[in-house]
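Below: work_33.cif (mmCIF, C-alpha atoms)
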data_start
loop_
_atom_site.label_atom_id
_atom_site.label_comp_id
_atom_site.auth_asym_id
_atom_site.auth_seq_id
_atom_site.Cartn_x
_atom_site.Cartn_y
_atom_site.Cartn_z
CA MET A 1298 226.93 70.31 -7.02
CA ALA A 1299 225.14 73.59 -7.69
CA VAL A 1300 222.46 73.24 -10.33
CA GLU A 1301 220.28 76.07 -11.59
CA ILE A 1302 216.68 75.44 -10.56
CA SER A 1303 213.88 77.60 -11.92
CA GLU A 1304 211.40 79.25 -9.59
CA HIS A 1305 208.72 76.99 -11.00
CA ALA A 1306 210.75 73.88 -10.23
CA GLN A 1307 211.59 75.21 -6.75
CA ARG A 1308 207.89 75.70 -6.12
CA LEU A 1309 206.93 72.20 -7.25
CA LEU A 1310 209.67 70.72 -5.08
CA SER A 1311 208.41 72.63 -2.03
CA LEU A 1312 204.80 71.42 -2.18
CA PRO A 1313 203.40 68.21 -0.63
CA LEU A 1314 202.89 66.53 -4.00
CA TYR A 1315 203.23 62.90 -4.96
CA GLY A 1316 206.18 62.53 -7.28
CA ALA A 1317 207.06 59.70 -9.66
CA LEU A 1318 210.41 58.07 -8.92
CA GLY A 1319 212.07 56.20 -11.76
CA THR A 1320 214.73 53.58 -11.10
CA VAL A 1321 216.27 50.88 -13.27
CA ARG A 1322 215.69 47.23 -12.45
CA PRO A 1323 218.51 44.69 -12.61
CA ASP A 1324 217.21 43.52 -16.03
CA ASN A 1325 217.56 47.11 -17.36
CA THR A 1326 213.85 47.80 -17.45
CA PRO A 1327 212.43 50.91 -15.77
CA GLN A 1328 210.35 51.05 -12.61
CA VAL A 1329 208.16 54.01 -11.62
CA ASN A 1330 206.60 54.47 -8.18
CA PRO A 1331 204.80 57.28 -6.36
CA MET A 1332 206.79 58.84 -3.54
CA TRP A 1333 206.46 61.39 -0.79
CA PHE A 1334 209.52 63.60 -0.69
CA ASP A 1335 211.28 66.54 0.89
CA TYR A 1336 213.73 68.88 -0.82
CA ASP A 1337 216.18 70.62 1.50
CA GLY A 1338 217.87 72.77 -1.16
CA GLU A 1339 220.57 70.16 -1.71
CA TYR A 1340 219.04 66.69 -1.70
CA ILE A 1341 215.68 65.19 -2.47
CA LYS A 1342 214.89 62.96 0.49
CA PHE A 1343 212.65 59.93 0.53
CA THR A 1344 211.56 57.60 3.28
CA HIS A 1345 211.92 54.00 2.31
CA ILE A 1346 212.23 50.48 3.60
CA THR A 1347 215.10 48.28 2.67
CA SER A 1348 213.04 45.27 1.60
CA ARG A 1349 211.44 46.93 -1.41
CA ALA A 1350 212.35 46.27 -5.04
CA LYS A 1351 213.39 49.82 -5.78
CA TYR A 1352 215.82 49.74 -2.89
CA ARG A 1353 217.43 46.66 -4.41
CA ASN A 1354 217.40 48.37 -7.83
CA LEU A 1355 219.34 51.28 -6.39
CA GLN A 1356 221.99 49.07 -4.83
CA LYS A 1357 222.83 47.81 -8.30
CA ASN A 1358 222.19 51.03 -10.26
CA PRO A 1359 222.03 54.23 -8.17
CA ALA A 1360 220.60 56.37 -10.99
CA MET A 1361 217.30 58.07 -10.17
CA SER A 1362 214.84 60.27 -12.04
CA PHE A 1363 212.12 62.08 -10.14
CA MET A 1364 209.19 63.79 -11.83
CA VAL A 1365 206.63 66.07 -10.21
CA LEU A 1366 203.58 67.29 -12.13
CA ASP A 1367 202.22 70.78 -11.58
CA PRO A 1368 198.73 70.27 -10.11
CA ASP A 1369 197.55 73.66 -11.40
CA THR A 1370 198.91 73.63 -14.93
CA PRO A 1371 198.52 70.40 -16.86
CA PHE A 1372 201.69 69.28 -18.58
CA ARG A 1373 203.98 71.57 -16.63
CA TYR A 1374 206.35 69.48 -14.59
CA VAL A 1375 209.87 69.16 -13.27
CA GLU A 1376 212.12 66.18 -13.84
CA VAL A 1377 215.19 65.90 -11.64
CA ARG A 1378 217.95 63.48 -12.53
CA GLY A 1379 220.49 62.36 -9.99
CA ARG A 1380 221.75 59.42 -8.00
CA LEU A 1381 221.41 57.81 -4.63
CA VAL A 1382 224.31 59.49 -2.83
CA GLY A 1383 223.53 58.68 0.76
CA GLU A 1384 221.36 56.77 3.12
CA GLU A 1385 220.56 57.41 6.76
CA ALA A 1386 218.90 55.03 9.17
CA ASP A 1387 215.58 56.28 10.56
CA PRO A 1388 214.88 53.57 13.15
CA THR A 1389 212.35 55.65 15.08
CA GLY A 1390 210.52 56.64 11.89
CA ALA A 1391 211.00 60.35 12.71
CA PHE A 1392 211.52 61.35 9.08
CA TYR A 1393 208.50 59.28 8.06
CA VAL A 1394 206.42 61.14 10.66
CA HIS A 1395 207.78 64.46 9.35
CA LEU A 1396 206.57 63.51 5.85
CA GLN A 1397 203.24 62.16 7.02
CA ASN A 1398 202.63 65.50 8.75
CA LYS A 1399 203.71 67.41 5.62
CA TYR A 1400 201.24 65.35 3.58
CA GLY A 1401 198.32 66.20 5.83
CA ASN A 1402 198.24 63.47 8.47
CA ASP A 1403 198.82 65.09 11.86
CA SER A 1404 199.57 61.82 13.63
CA ASP A 1405 202.93 61.50 15.36
CA VAL A 1406 202.66 57.71 15.43
CA PRO A 1407 205.56 56.15 13.51
CA PRO A 1408 204.87 53.40 10.98
CA PRO A 1409 204.92 49.76 12.12
CA ASP A 1410 207.98 49.14 9.90
CA ALA A 1411 210.01 51.97 11.49
CA ALA A 1412 212.90 49.66 12.36
CA GLN A 1413 213.48 49.08 8.62
CA ARG A 1414 213.09 52.74 7.64
CA VAL A 1415 215.87 54.61 5.89
CA ILE A 1416 216.16 58.08 4.40
CA LEU A 1417 217.38 58.02 0.81
CA LEU A 1418 219.34 61.08 -0.30
CA MET A 1419 219.11 61.82 -4.02
CA SER A 1420 221.52 64.26 -5.63
CA VAL A 1421 220.14 66.97 -7.94
CA GLU A 1422 222.36 66.81 -11.02
CA HIS A 1423 220.13 67.85 -13.87
CA VAL A 1424 216.77 69.62 -13.83
CA SER A 1425 214.44 69.76 -16.81
CA GLY A 1426 210.74 70.20 -17.50
CA GLN A 1427 208.45 72.81 -18.91
CA MET B 516 199.39 38.33 -23.73
CA ALA B 517 196.41 38.27 -21.38
CA VAL B 518 197.22 39.89 -18.05
CA GLU B 519 194.86 40.12 -15.10
CA ILE B 520 193.96 43.76 -14.48
CA SER B 521 192.04 44.75 -11.36
CA GLU B 522 188.92 46.89 -11.60
CA HIS B 523 190.81 49.70 -9.89
CA ALA B 524 193.59 49.58 -12.46
CA GLN B 525 191.04 49.38 -15.30
CA ARG B 526 189.38 52.49 -13.94
CA LEU B 527 192.61 54.47 -13.66
CA LEU B 528 193.55 53.46 -17.19
CA SER B 529 190.18 54.66 -18.51
CA LEU B 530 190.35 58.19 -17.08
CA PRO B 531 191.97 61.24 -18.71
CA LEU B 532 194.85 61.35 -16.23
CA TYR B 533 198.45 62.33 -16.74
CA GLY B 534 200.61 59.27 -16.34
CA ALA B 535 204.35 59.00 -15.67
CA LEU B 536 206.23 57.10 -18.36
CA GLY B 537 209.58 55.62 -17.39
CA THR B 538 212.17 54.72 -20.01
CA VAL B 539 215.86 53.90 -19.78
CA ARG B 540 218.41 56.23 -21.34
CA PRO B 541 221.35 54.89 -23.34
CA ASP B 542 223.61 55.41 -20.27
CA ASN B 543 221.30 53.12 -18.22
CA THR B 544 219.79 55.94 -16.18
CA PRO B 545 216.01 56.32 -15.91
CA GLN B 546 213.88 59.03 -17.50
CA VAL B 547 210.35 59.91 -16.36
CA ASN B 548 207.95 62.11 -18.33
CA PRO B 549 204.26 62.99 -18.09
CA MET B 550 202.12 61.54 -20.87
CA TRP B 551 198.61 61.58 -22.19
CA PHE B 552 197.48 58.07 -23.00
CA ASP B 553 194.71 55.80 -24.18
CA TYR B 554 194.15 52.18 -23.20
CA ASP B 555 192.23 50.09 -25.71
CA GLY B 556 192.11 46.90 -23.63
CA GLU B 557 195.26 45.56 -25.27
CA TYR B 558 197.79 48.36 -25.66
CA ILE B 559 198.55 51.60 -23.91
CA LYS B 560 198.84 54.16 -26.69
CA PHE B 561 200.81 57.39 -26.62
CA THR B 562 201.20 60.19 -29.11
CA HIS B 563 204.81 61.12 -29.60
CA ILE B 564 207.26 62.79 -31.93
CA THR B 565 210.30 61.03 -33.21
CA SER B 566 212.81 63.74 -32.29
CA ARG B 567 212.40 63.42 -28.51
CA ALA B 568 214.90 61.79 -26.17
CA LYS B 569 212.50 59.14 -24.94
CA TYR B 570 211.84 58.03 -28.50
CA ARG B 571 215.57 57.54 -28.95
CA ASN B 572 215.73 55.75 -25.60
CA LEU B 573 213.08 53.29 -26.78
CA GLN B 574 214.91 52.51 -30.01
CA LYS B 575 217.81 51.25 -27.92
CA ASN B 576 215.84 49.77 -25.01
CA PRO B 577 212.12 49.17 -25.65
CA ALA B 578 211.27 48.57 -21.97
CA MET B 579 208.60 50.89 -20.56
CA SER B 580 206.99 51.42 -17.18
CA PHE B 581 203.85 53.53 -16.91
CA MET B 582 202.46 54.72 -13.59
CA VAL B 583 199.11 56.42 -13.00
CA LEU B 584 198.19 57.87 -9.62
CA ASP B 585 194.63 57.69 -8.32
CA PRO B 586 193.51 61.33 -8.06
CA ASP B 587 190.94 60.46 -5.37
CA THR B 588 192.96 58.20 -3.10
CA PRO B 589 196.50 59.32 -2.36
CA PHE B 590 199.07 56.58 -2.75
CA ARG B 591 196.81 54.26 -4.72
CA TYR B 592 198.22 53.80 -8.18
CA VAL B 593 198.76 51.40 -11.02
CA GLU B 594 202.13 50.60 -12.55
CA VAL B 595 202.13 48.82 -15.90
CA ARG B 596 205.31 47.26 -17.23
CA GLY B 597 205.71 46.42 -20.86
CA ARG B 598 207.58 47.24 -24.02
CA LEU B 599 207.27 49.28 -27.15
CA VAL B 600 205.77 46.66 -29.47
CA GLY B 601 204.56 48.81 -32.32
CA GLU B 602 204.52 52.21 -33.84
CA GLU B 603 202.05 53.76 -36.27
CA ALA B 604 202.52 56.95 -38.23
CA ASP B 605 199.96 59.66 -37.42
CA PRO B 606 200.85 62.24 -40.07
CA THR B 607 197.53 64.09 -39.83
CA GLY B 608 197.72 64.19 -36.03
CA ALA B 609 194.33 62.44 -35.77
CA PHE B 610 195.31 60.43 -32.69
CA TYR B 611 196.77 63.55 -31.09
CA VAL B 612 193.43 65.31 -31.67
CA HIS B 613 191.59 62.32 -30.17
CA LEU B 614 193.73 62.64 -27.03
CA GLN B 615 193.46 66.43 -26.86
CA ASN B 616 189.65 66.03 -26.95
CA LYS B 617 189.79 63.32 -24.27
CA TYR B 618 191.86 65.64 -22.08
CA GLY B 619 189.34 68.46 -22.29
CA ASN B 620 190.39 70.54 -25.28
CA ASP B 621 187.60 70.42 -27.85
CA SER B 622 189.71 71.76 -30.69
CA ASP B 623 190.04 69.61 -33.80
CA VAL B 624 193.14 71.48 -34.92
CA PRO B 625 196.11 69.11 -35.18
CA PRO B 626 199.44 70.07 -33.63
CA PRO B 627 202.00 71.96 -35.76
CA ASP B 628 204.34 68.96 -35.56
CA ALA B 629 201.72 66.52 -36.93
CA ALA B 630 204.03 65.36 -39.73
CA GLN B 631 206.40 63.94 -37.09
CA ARG B 632 203.67 62.37 -34.94
CA VAL B 633 203.64 58.66 -34.23
CA ILE B 634 201.46 56.44 -32.06
CA LEU B 635 203.51 54.31 -29.67
CA LEU B 636 201.96 50.97 -28.71
CA MET B 637 203.01 49.67 -25.30
CA SER B 638 202.32 46.07 -24.33
CA VAL B 639 200.77 45.33 -20.94
CA GLU B 640 202.94 42.56 -19.49
CA HIS B 641 202.80 43.11 -15.75
CA VAL B 642 200.43 45.19 -13.64
CA SER B 643 201.10 46.18 -10.05
CA GLY B 644 200.11 48.90 -7.62
CA GLN B 645 197.97 49.24 -4.57
#
Could you show the structure in this file as structure tokens?
Amino acid sequence: MAVEISEHAQRLLSLPLYGALGTVRPDNTPQVNPMWFDYDGEYIKFTHITSRAKYRNLQKNPAMSFMVLDPDTPFRYVEVRGRLVGEEADPTGAFYVHLQNKYGNDSDVPPPDAAQRVILLMSVEHVSGQ
Amino acid sequence: MAVEISEHAQRLLSLPLYGALGTVRPDNTPQVNPMWFDYDGEYIKFTHITSRAKYRNLQKNPAMSFMVLDPDTPFRYVEVRGRLVGEEADPTGAFYVHLQNKYGNDSDVPPPDAAQRVILLMSVEHVSGQ
């Protein structure tokens, strides 16, 4: 799905920032967690392990909201709404290492939980912010 | 309700940081927005206007999740879960001005939408993070 994304939003989605991922828990209350991410022009990609609460949340309700604050301009931000549309195994932790390098850690050592690692693919269906 | 809050969480909740407020939209998808806030030891308090989507979300589903990232230590954060338990009119914008001062703007001029301003009181029912 092609969604119009402003230059400002494109920029925020290209930087190594910590975003806030919102999911909905099985009891219909929200959950918000900090996440590393990558945006490839189509999907927002997260590294994750399958034993975490937000992974279970997404199995029941795939809706996601992802917010990134502009570090230079307080109160400017982008909020992307979409869904979990795919999941890829990352058993060697290669995508995790890619993100850890992007976020300033040069190590190529995969995380100890690599065997459980997956890449979550979030669709970009609606973009808002200011 | 008395909830144990770590010193780290107390500290994050005392600083003028931008937090990420998660609410649930009427279609059961999450919404995440940046918010100024104040924590008085009992409630997390937000300034808000009644015409915004997240205000409408909260009328239907009062559940809230509020996440604050540690600016000094990447990936340390606090997530507070609670509910909208009260609302106070702020027709002069006094609480807004209090927050604008806390966040570094010394002006005592209230916002143009002061007549619509309310203070949202969020309960602190569960605190997590790392």
Contacts between chain B and chain A, please, where a residue of chain A counts if it comes within 6 Å (with only C-alpha atoms); show its shortest atom pair and distance in Å to one decimal, rows by chain and ascending number, as a tab-separated table.
residue	atom	partner	partner_atom	distance
A:Gly1319	CA	B:Pro545	CA	5.7
A:Thr1320	CA	B:Pro545	CA	5.7
A:Thr1326	CA	B:Ala578	CA	5.3
A:Pro1327	CA	B:Ser580	CA	5.6
A:Gln1328	CA	B:Ser580	CA	5.7
A:Ala1360	CA	B:Thr544	CA	5.3
A:Ser1362	CA	B:Pro545	CA	5.7
Note to self: With all atoms listed in the file as the counted atoms, please give the residues lying no more than 8 Å from Val633 (chain B), apart from itself and same-chain residues fewer than 2 positions off, as a ChimeraX atom specification.
What the structure shows: /B:562-565,602-606,631,635
Checklist line | Residues matched by the PyMOL selection byres ((chain B and resi 556) around 10) as a list in words | finding: Ala517, Ile520, Gln525, Leu528, Ser529, Asp553, Tyr554, Asp555, Glu557, Tyr558, Ile559 and Val639 of chain B
Check: Interatomic distance between CA of Leu1312 (chain A) and CA of Pro1408 (chain A)?
Finding: 22.3 Å
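In this model, the gap between CA of Pro1313 (chain A) and CA of Asn1398 (chain A) comes to 9.8 Å.
With CA of His1423 (chain A) on one side and CA of Ser1303 (chain A) on the other, the separation reads 11.7 Å.
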